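The structure file start38.txt is reproduced below (compact mmCIF, C-alpha atoms and all ligand atoms).
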```
# COMPACT_ATOMS: atom_id res chain seq x y z
CA MET A 1 -1.96 6.63 -20.20
CA ASN A 2 0.83 6.22 -22.75
CA LYS A 3 3.81 7.12 -20.60
CA PRO A 4 6.56 4.49 -20.61
CA ALA A 5 6.30 1.89 -17.86
CA LEU A 6 9.01 2.05 -15.22
CA ILE A 7 7.79 -1.18 -13.65
CA GLU A 8 5.73 -3.91 -15.19
CA VAL A 9 4.63 -6.81 -13.05
CA SER A 10 3.00 -9.85 -14.64
CA SER A 11 1.44 -12.94 -13.10
CA LEU A 12 3.47 -12.35 -9.96
CA GLY A 13 3.25 -14.97 -7.26
CA LYS A 14 4.97 -15.40 -3.94
CA SER A 15 4.63 -18.29 -1.55
CA PHE A 16 6.51 -19.09 1.62
CA THR A 17 7.27 -22.58 2.80
CA THR A 18 6.77 -22.80 6.55
CA PRO A 19 6.77 -25.73 8.98
CA GLY A 20 2.97 -25.60 8.80
CA GLY A 21 2.89 -25.84 4.99
CA VAL A 22 3.10 -23.53 1.99
CA ILE A 23 1.50 -20.10 2.32
CA GLU A 24 0.55 -18.39 -0.92
CA VAL A 25 0.85 -14.68 -0.21
CA LEU A 26 0.66 -13.12 -3.71
CA HIS A 27 -0.96 -14.70 -6.74
CA GLY A 28 -1.49 -13.42 -10.25
CA VAL A 29 -0.53 -9.80 -9.52
CA ASN A 30 -0.39 -7.69 -12.69
CA LEU A 31 0.42 -4.01 -12.65
CA LYS A 32 2.15 -1.27 -14.54
CA ILE A 33 3.65 1.81 -12.93
CA CYS A 34 4.73 4.71 -15.11
CA ALA A 35 7.79 6.85 -14.61
CA GLY A 36 6.97 9.76 -12.31
CA GLU A 37 3.74 8.23 -11.01
CA ARG A 38 2.83 8.31 -7.30
CA VAL A 39 0.99 5.15 -6.32
CA ALA A 40 -0.66 4.39 -2.98
CA VAL A 41 -0.95 0.73 -2.01
CA VAL A 42 -3.74 -0.02 0.44
CA GLY A 43 -5.27 -3.20 1.83
CA THR A 44 -5.96 -4.97 5.09
CA SER A 45 -3.24 -6.35 7.32
CA GLY A 46 -1.74 -9.52 5.87
CA ALA A 47 -2.92 -8.73 2.32
CA GLY A 48 0.63 -8.95 0.94
CA LYS A 49 1.59 -5.27 0.62
CA THR A 50 5.00 -5.50 2.28
CA THR A 51 5.76 -8.71 0.40
CA LEU A 52 5.02 -6.90 -2.88
CA MET A 53 7.23 -3.94 -1.92
CA HIS A 54 10.14 -6.24 -1.08
CA ILE A 55 9.83 -7.88 -4.49
CA LEU A 56 9.57 -4.53 -6.35
CA GLY A 57 12.74 -3.39 -4.59
CA GLY A 58 14.67 -6.57 -5.37
CA LEU A 59 14.87 -7.50 -1.67
CA ASP A 60 12.99 -10.75 -2.15
CA HIS A 61 12.40 -13.07 -5.10
CA PRO A 62 8.99 -13.99 -6.46
CA THR A 63 8.07 -17.66 -6.79
CA ALA A 64 6.15 -17.02 -10.04
CA GLY A 65 5.85 -14.34 -12.68
CA GLU A 66 8.02 -11.48 -13.75
CA VAL A 67 9.03 -7.95 -12.74
CA LEU A 68 10.38 -5.76 -15.50
CA PHE A 69 12.19 -2.54 -14.59
CA GLU A 70 12.54 -0.31 -17.64
CA GLY A 71 11.82 -3.37 -19.74
CA ASN A 72 14.53 -5.55 -18.19
CA SER A 73 13.87 -8.51 -15.96
CA LEU A 74 14.75 -7.50 -12.40
CA PHE A 75 15.48 -11.03 -11.29
CA ALA A 76 17.82 -11.71 -14.18
CA LEU A 77 20.16 -9.39 -12.24
CA LYS A 78 22.61 -11.22 -10.04
CA GLY A 79 25.24 -10.40 -7.43
CA ALA A 80 26.78 -6.96 -7.86
CA ASP A 81 24.17 -5.85 -10.42
CA LEU A 82 21.29 -6.65 -8.06
CA ASP A 83 23.16 -4.92 -5.21
CA ALA A 84 23.62 -1.85 -7.40
CA PHE A 85 19.89 -1.86 -8.23
CA ARG A 86 19.02 -1.95 -4.51
CA ASN A 87 21.60 0.67 -3.63
CA ARG A 88 21.20 3.18 -6.45
CA THR A 89 18.00 2.65 -8.40
CA VAL A 90 15.61 2.19 -5.48
CA GLY A 91 15.27 3.98 -2.16
CA PHE A 92 13.38 2.45 0.76
CA VAL A 93 11.55 4.06 3.66
CA PHE A 94 10.10 1.75 6.31
CA GLN A 95 7.53 2.35 9.04
CA PHE A 96 10.14 1.99 11.72
CA HIS A 97 12.86 3.99 10.02
CA GLN A 98 15.61 1.34 10.57
CA LEU A 99 18.34 3.91 11.10
CA LEU A 100 21.56 2.66 12.66
CA PRO A 101 21.38 3.74 16.33
CA GLU A 102 25.14 4.09 16.84
CA PHE A 103 25.58 6.55 13.98
CA THR A 104 24.63 10.22 13.65
CA ALA A 105 21.98 11.48 11.24
CA LEU A 106 24.75 12.60 8.89
CA GLU A 107 26.53 9.23 9.03
CA ASN A 108 23.28 7.32 8.48
CA VAL A 109 22.56 9.37 5.36
CA MET A 110 26.16 9.10 4.07
CA MET A 111 26.19 5.31 4.40
CA PRO A 112 24.64 4.36 1.02
CA LEU A 113 27.08 6.70 -0.74
CA LEU A 114 30.08 5.23 1.06
CA ILE A 115 28.85 1.71 0.26
CA GLY A 116 28.55 2.84 -3.37
CA GLY A 117 32.22 3.91 -3.34
CA VAL A 118 31.76 7.70 -3.15
CA MET A 119 34.60 9.68 -1.51
CA ARG A 120 34.01 10.59 2.13
CA SER A 121 34.26 14.38 1.57
CA THR A 122 31.70 14.23 -1.25
CA ALA A 123 29.43 12.03 0.89
CA VAL A 124 29.58 14.56 3.77
CA GLN A 125 28.70 17.40 1.41
CA LYS A 126 25.80 15.59 -0.28
CA ALA A 127 24.38 14.25 2.99
CA THR A 128 24.55 17.73 4.53
CA GLU A 129 22.70 19.17 1.53
CA ILE A 130 19.87 16.64 1.60
CA LEU A 131 19.50 16.85 5.41
CA THR A 132 19.20 20.61 4.96
CA GLU A 133 16.56 20.02 2.29
CA VAL A 134 14.49 17.91 4.72
CA GLY A 135 14.84 20.61 7.40
CA LEU A 136 17.42 18.92 9.64
CA GLN A 137 20.46 21.16 9.17
CA LYS A 138 20.58 21.64 12.96
CA ARG A 139 20.41 17.90 13.72
CA LEU A 140 23.36 16.56 11.69
CA THR A 141 25.25 15.15 14.66
CA HIS A 142 22.25 13.78 16.55
CA LYS A 143 21.96 10.02 16.87
CA PRO A 144 18.52 8.52 16.10
CA GLY A 145 17.70 8.09 19.80
CA ALA A 146 18.01 11.86 20.25
CA LEU A 147 15.62 12.66 17.38
CA SER A 148 11.82 12.80 17.42
CA GLY A 149 9.83 10.21 15.43
CA GLY A 150 9.15 12.69 12.65
CA GLU A 151 12.80 13.74 12.53
CA GLN A 152 13.90 10.09 12.36
CA GLN A 153 11.57 9.59 9.42
CA ARG A 154 13.04 12.68 7.70
CA VAL A 155 16.51 11.19 8.11
CA ALA A 156 15.19 7.91 6.67
CA ILE A 157 13.77 9.78 3.67
CA ALA A 158 17.08 11.63 3.16
CA ARG A 159 18.94 8.32 3.35
CA ALA A 160 16.53 6.71 0.86
CA LEU A 161 17.06 9.55 -1.63
CA ILE A 162 20.77 10.25 -1.22
CA CYS A 163 21.79 8.04 -4.17
CA GLU A 164 19.19 9.78 -6.37
CA PRO A 165 17.09 6.67 -7.00
CA ARG A 166 14.44 6.66 -9.70
CA LEU A 167 12.00 4.74 -7.51
CA LEU A 168 11.06 5.40 -3.90
CA LEU A 169 9.33 2.56 -2.05
CA ALA A 170 7.83 3.51 1.29
CA ASP A 171 6.08 1.05 3.62
CA GLU A 172 3.80 2.84 6.09
CA PRO A 173 6.06 5.92 6.28
CA THR A 174 3.61 7.68 8.59
CA GLY A 175 2.45 4.57 10.44
CA ASN A 176 3.77 5.44 13.88
CA LEU A 177 3.43 9.23 13.73
CA ASP A 178 0.64 11.50 14.95
CA SER A 179 -1.55 13.25 12.39
CA ARG A 180 0.31 16.59 12.33
CA ILE A 181 3.70 14.95 11.84
CA SER A 182 2.20 12.52 9.30
CA ASP A 183 1.01 15.54 7.38
CA GLU A 184 4.50 17.03 7.34
CA ILE A 185 6.01 13.75 6.12
CA MET A 186 3.35 13.53 3.41
CA GLN A 187 4.20 17.07 2.26
CA LEU A 188 7.91 16.26 2.31
CA LEU A 189 7.42 13.13 0.17
CA ASN A 190 5.32 15.06 -2.32
CA MET A 191 7.91 17.86 -2.43
CA MET A 192 10.64 15.29 -3.11
CA HIS A 193 8.50 13.92 -5.93
CA GLN A 194 8.12 17.39 -7.45
CA THR A 195 11.76 18.38 -7.26
CA ARG A 196 13.10 15.02 -8.47
CA GLY A 197 10.38 13.61 -10.73
CA LEU A 198 10.54 10.47 -8.59
CA THR A 199 8.31 7.48 -9.05
CA MET A 200 6.83 6.64 -5.65
CA VAL A 201 5.01 3.56 -4.38
CA ILE A 202 3.72 4.09 -0.86
CA VAL A 203 1.96 1.53 1.32
CA THR A 204 -0.30 3.41 3.68
CA HIS A 205 -3.35 3.18 5.91
CA ASN A 206 -3.45 6.98 5.93
CA VAL A 207 -6.34 8.08 3.70
CA LEU A 208 -5.06 11.66 3.40
CA LEU A 209 -1.67 10.42 2.25
CA ALA A 210 -3.21 7.94 -0.22
CA ASN A 211 -5.50 10.63 -1.64
CA SER A 212 -2.59 13.04 -2.11
CA LEU A 213 -1.02 10.59 -4.60
CA ASP A 214 -2.00 9.96 -8.25
CA ARG A 215 -3.45 6.50 -8.00
CA THR A 216 -4.57 3.93 -5.43
CA LEU A 217 -3.96 0.22 -5.77
CA ARG A 218 -5.93 -2.01 -3.42
CA ILE A 219 -4.59 -5.43 -2.56
CA GLU A 220 -6.60 -8.09 -0.74
CA ASP A 221 -5.57 -11.70 -0.14
CA GLY A 222 -2.60 -11.38 -2.45
CA VAL A 223 -4.41 -10.06 -5.50
CA VAL A 224 -5.02 -6.56 -6.88
CA VAL A 225 -8.73 -5.89 -6.34
CA GLY A 226 -8.79 -2.19 -7.17
CA ASP A 227 -6.73 0.24 -9.23
CA GLU A 228 -8.09 3.78 -9.55
CA LEU A 229 -6.82 7.25 -10.29
CA ASN A 230 -7.37 9.65 -7.39
N1 LIG B 301 8.94 -14.69 5.49
C1 LIG B 301 7.68 -15.13 5.62
N2 LIG B 301 7.41 -16.41 5.89
C2 LIG B 301 6.14 -16.87 6.00
N3 LIG B 301 5.05 -16.09 5.84
C3 LIG B 301 5.24 -14.79 5.57
C4 LIG B 301 6.56 -14.23 5.44
N4 LIG B 301 6.44 -12.91 5.16
C5 LIG B 301 5.12 -12.66 5.12
N5 LIG B 301 4.39 -13.78 5.37
C6 LIG B 301 2.93 -13.88 5.42
O1 LIG B 301 2.42 -13.27 4.25
C7 LIG B 301 1.23 -12.56 4.51
C8 LIG B 301 1.36 -11.14 3.98
O2 LIG B 301 2.33 -10.45 4.72
P1 LIG B 301 2.70 -8.94 4.43
O3 LIG B 301 3.73 -8.56 5.41
O4 LIG B 301 3.04 -8.79 3.00
O5 LIG B 301 1.30 -8.22 4.73
P2 LIG B 301 0.93 -6.67 4.72
O6 LIG B 301 -0.15 -6.48 3.73
O7 LIG B 301 2.16 -5.86 4.58
O8 LIG B 301 0.30 -6.49 6.20
P3 LIG B 301 0.43 -5.24 7.24
O9 LIG B 301 -0.58 -4.22 6.79
O10 LIG B 301 0.05 -5.87 8.55
O11 LIG B 301 1.84 -4.75 7.23
C9 LIG B 301 1.01 -12.65 6.01
O12 LIG B 301 0.02 -13.60 6.26
C10 LIG B 301 2.34 -13.07 6.55
O13 LIG B 301 2.19 -13.86 7.70
MG MG B 302 3.20 -4.59 5.84
```

Output the file's structure as structure tokens, nothing else.
Amino acid sequence: MNKPALIEVSSLGKSFTTPGGVIEVLHGVNLKICAGERVAVVGTSGAGKTTLMHILGGLDHPTAGEVLFEGNSLFALKGADLDAFRNRTVGFVFQFHQLLPEFTALENVMMPLLIGGVMRSTAVQKATEILTEVGLQKRLTHKPGALSGGEQQRVAIARALICEPRLLLADEPTGNLDSRISDEIMQLLNMMHQTRGLTMVIVTHNVLLANSLDRTLRIEDGVVVGDELN
């Protein structure tokens, strides 16, 4: 594959210092993800998948190795530049959506735009458009507690994509949904990939979801033990 790499990870390591000693969670992880690729990350519980996602998204720092994003070292970014990377270049979807309970669906989706300095009227318009795209045009003023699990995850996907990131990182996006709703979320993610040419890295235990993507990366005990095209 000769496409340009969006992300290149080399000799990545991550350890945590705890009262009980140092835990080495990732060691010697090497991988390359091309622009537009859809990668599934699988592995048993505790393998280091979430830790890897946090590092790829600039939410946590590695203790060894390097992450290049479009050829530039991610962790050379500091302060406002790192914030801008997290806010605009990457979108996150978590298993438990992490929407703000006091705010409506529309407000939750507008939030990253407002944080990025976009005018309120523009934010309302863009958030309405993307919520319509994910099928929630009739749920704009609902708060998360008044939405179903699948609807909450749609809002989370809209919020992750509102700043038009180049990379979508999703950690168990269908983890707490039944199979029919998981299927709908999987189709929505793949539709978003098609319409936007997004690069997606998705941690999942859902075999159907993993198989619907381009490639599967298997992580065990903090190392990549498998990397195959689907
Ligand atoms: N902040 C932390 N401090 C100490 N240890 C941590 C920390 N975060 C993660 N770990 C440990 O690192 C290991 C990997 O955790 P991680 O959350 O990356 O696993 P995972 O592959 O996402 O598992 P799951 O499938 O259960 O979500 C675990 O043993 C966990 O206890
Ligand atoms: Mg995890």

Using all atoms listed in the file, what does the table of chain A residues within 10 Å of ligand LIG 301 (chain B) look like, with each row giving the shortest atom pair and its distance in Å to one decimal, sorted by chain and ascending number, as JSON lines?
```
{"residue": "A:Lys14", "atom": "CA", "partner": "B:LIG301", "partner_atom": "O1", "distance": 8.8}
{"residue": "A:Ser15", "atom": "CA", "partner": "B:LIG301", "partner_atom": "N3", "distance": 7.7}
{"residue": "A:Phe16", "atom": "CA", "partner": "B:LIG301", "partner_atom": "C2", "distance": 4.9}
{"residue": "A:Thr17", "atom": "CA", "partner": "B:LIG301", "partner_atom": "C2", "distance": 6.6}
{"residue": "A:Thr18", "atom": "CA", "partner": "B:LIG301", "partner_atom": "C2", "distance": 6.0}
{"residue": "A:Pro19", "atom": "CA", "partner": "B:LIG301", "partner_atom": "C2", "distance": 9.4}
{"residue": "A:Gly20", "atom": "CA", "partner": "B:LIG301", "partner_atom": "C2", "distance": 9.7}
{"residue": "A:Gly21", "atom": "CA", "partner": "B:LIG301", "partner_atom": "C2", "distance": 9.6}
{"residue": "A:Val22", "atom": "CA", "partner": "B:LIG301", "partner_atom": "C2", "distance": 8.3}
{"residue": "A:Ile23", "atom": "CA", "partner": "B:LIG301", "partner_atom": "N3", "distance": 6.4}
{"residue": "A:Glu24", "atom": "CA", "partner": "B:LIG301", "partner_atom": "O1", "distance": 7.5}
{"residue": "A:Val25", "atom": "CA", "partner": "B:LIG301", "partner_atom": "O1", "distance": 4.9}
{"residue": "A:Leu26", "atom": "CA", "partner": "B:LIG301", "partner_atom": "C8", "distance": 8.0}
{"residue": "A:Val41", "atom": "CA", "partner": "B:LIG301", "partner_atom": "O6", "distance": 9.3}
{"residue": "A:Val42", "atom": "CA", "partner": "B:LIG301", "partner_atom": "O6", "distance": 8.1}
{"residue": "A:Gly43", "atom": "CA", "partner": "B:LIG301", "partner_atom": "O6", "distance": 6.4}
{"residue": "A:Thr44", "atom": "CA", "partner": "B:LIG301", "partner_atom": "O9", "distance": 5.7}
{"residue": "A:Ser45", "atom": "CA", "partner": "B:LIG301", "partner_atom": "O9", "distance": 3.4}
{"residue": "A:Gly46", "atom": "CA", "partner": "B:LIG301", "partner_atom": "O5", "distance": 3.5}
{"residue": "A:Ala47", "atom": "CA", "partner": "B:LIG301", "partner_atom": "O6", "distance": 3.8}
{"residue": "A:Gly48", "atom": "CA", "partner": "B:LIG301", "partner_atom": "O4", "distance": 3.2}
{"residue": "A:Lys49", "atom": "CA", "partner": "B:LIG301", "partner_atom": "O6", "distance": 3.8}
{"residue": "A:Thr50", "atom": "CA", "partner": "B:LIG301", "partner_atom": "O7", "distance": 3.7}
{"residue": "A:Thr51", "atom": "CA", "partner": "B:LIG301", "partner_atom": "O4", "distance": 3.8}
{"residue": "A:Leu52", "atom": "CA", "partner": "B:LIG301", "partner_atom": "O4", "distance": 6.5}
{"residue": "A:Met53", "atom": "CA", "partner": "B:LIG301", "partner_atom": "O4", "distance": 8.1}
{"residue": "A:His54", "atom": "CA", "partner": "B:LIG301", "partner_atom": "O4", "distance": 8.6}
{"residue": "A:Asp60", "atom": "CA", "partner": "B:LIG301", "partner_atom": "N1", "distance": 9.5}
{"residue": "A:Gln95", "atom": "CA", "partner": "B:LIG301", "partner_atom": "O11", "distance": 9.3}
{"residue": "A:Asp171", "atom": "CA", "partner": "B:LIG301", "partner_atom": "O7", "distance": 8.0}
{"residue": "A:Glu172", "atom": "CA", "partner": "B:LIG301", "partner_atom": "O11", "distance": 7.9}
{"residue": "A:Gly175", "atom": "CA", "partner": "B:LIG301", "partner_atom": "O11", "distance": 9.9}
{"residue": "A:Val203", "atom": "CA", "partner": "B:LIG301", "partner_atom": "O7", "distance": 8.1}
{"residue": "A:Thr204", "atom": "CA", "partner": "B:LIG301", "partner_atom": "O9", "distance": 8.2}
{"residue": "A:His205", "atom": "CA", "partner": "B:LIG301", "partner_atom": "O9", "distance": 8.0}
{"residue": "A:Ile219", "atom": "CA", "partner": "B:LIG301", "partner_atom": "O6", "distance": 7.8}
{"residue": "A:Glu220", "atom": "CA", "partner": "B:LIG301", "partner_atom": "O6", "distance": 8.0}
{"residue": "A:Asp221", "atom": "CA", "partner": "B:LIG301", "partner_atom": "C8", "distance": 8.1}
{"residue": "A:Gly222", "atom": "CA", "partner": "B:LIG301", "partner_atom": "C8", "distance": 7.6}
```

Taking (6.8, 3.7, -1.5) in the coordinates of the supplied file, I want to know which residues reach to within 10 Å of it, counting only C-alpha atoms; could you give the answer as a PyMOL selection string? chain A and resi 38-41+53+56-57+90-94+167-173+189+199-204

Show me, as a list in words, the residues that have an atom within 10 Å of Met192 in chain A when counting only C-alpha atoms, minus same-chain residues fewer than 4 positions from it. Glu133, Val134, Ile157, Ala158, Leu161, Leu168, Met186, Gln187, Leu188, Arg196, Gly197, Leu198 and Met200 of chain A

How many Å separate CA of Phe103 in chain A from CA of Gln125 in chain A? 16.9 Å

What is the distance between CA of Glu70 in chain A and CA of Ala123 in chain A, in Å to one decimal?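 Atom-to-atom, CA of Glu70 in chain A and CA of Ala123 in chain A are spaced 27.9 Å apart.
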
Identify, on the basis of all atoms listed in the file, every residue whose closest approach to range 81-84 of chain A does not exceed 12 Å; exclude the query and any residue fewer than 2 positions from it along the same chain; express the result as a ChimeraX atom specification. /A:57-61,69,73-79,86-91,112-113,115-117,163,165

I'd like to know which of A:Ala210, A:Leu140, A:Ala105, A:Phe96 is closest to ligand MG 302 (chain B), using only C-alpha atoms and all ligand atoms.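 Once distances to ligand MG 302 (chain B) are computed over only C-alpha atoms and all ligand atoms, the minimum belongs to A:Phe96.
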
Among the residues A:Met111, A:Val29, A:Ile181, A:Ala146, the one that comes closest to Gly226 in chain A [using only C-alpha atoms]: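 The shortest atom-to-atom distance to Gly226 in chain A comes from A:Val29.
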
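Neighbours of Thr104 in chain A closer than or equal to 6 Å, with all atoms listed in the file counted and sequence neighbours fewer than 2 positions away skipped, come out as Leu106, Glu107, Thr141, His142 and Lys143 of chain A.
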
Correct to one decimal, the distance CA of Leu217 in chain A-CA of Ser11 in chain A is 16.0 Å

Expected answer as a list of chain:residue names: all residues with atoms within 9 Å of (24.6, 14.8, -0.7), all atoms listed in the file: A:Val109, A:Met110, A:Leu113, A:Thr122, A:Ala123, A:Val124, A:Gln125, A:Lys126, A:Ala127, A:Thr128, A:Glu129, A:Ile130, A:Leu131, A:Ile162, A:Cys163

Between A:Gly65, A:Ser148, A:Leu99, A:Ala156, which is the closest to Asp178 in chain A once you count all atoms listed in the file?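 Selected residue with least distance to Asp178 in chain A: A:Ser148.
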
For Asn230 in chain A, work out the shell of residues within 9 Å, counting all atoms listed in the file and skipping chain neighbours fewer than 6 positions away, then give it as an MDAnalysis selection string. chainID A and resid 210:216
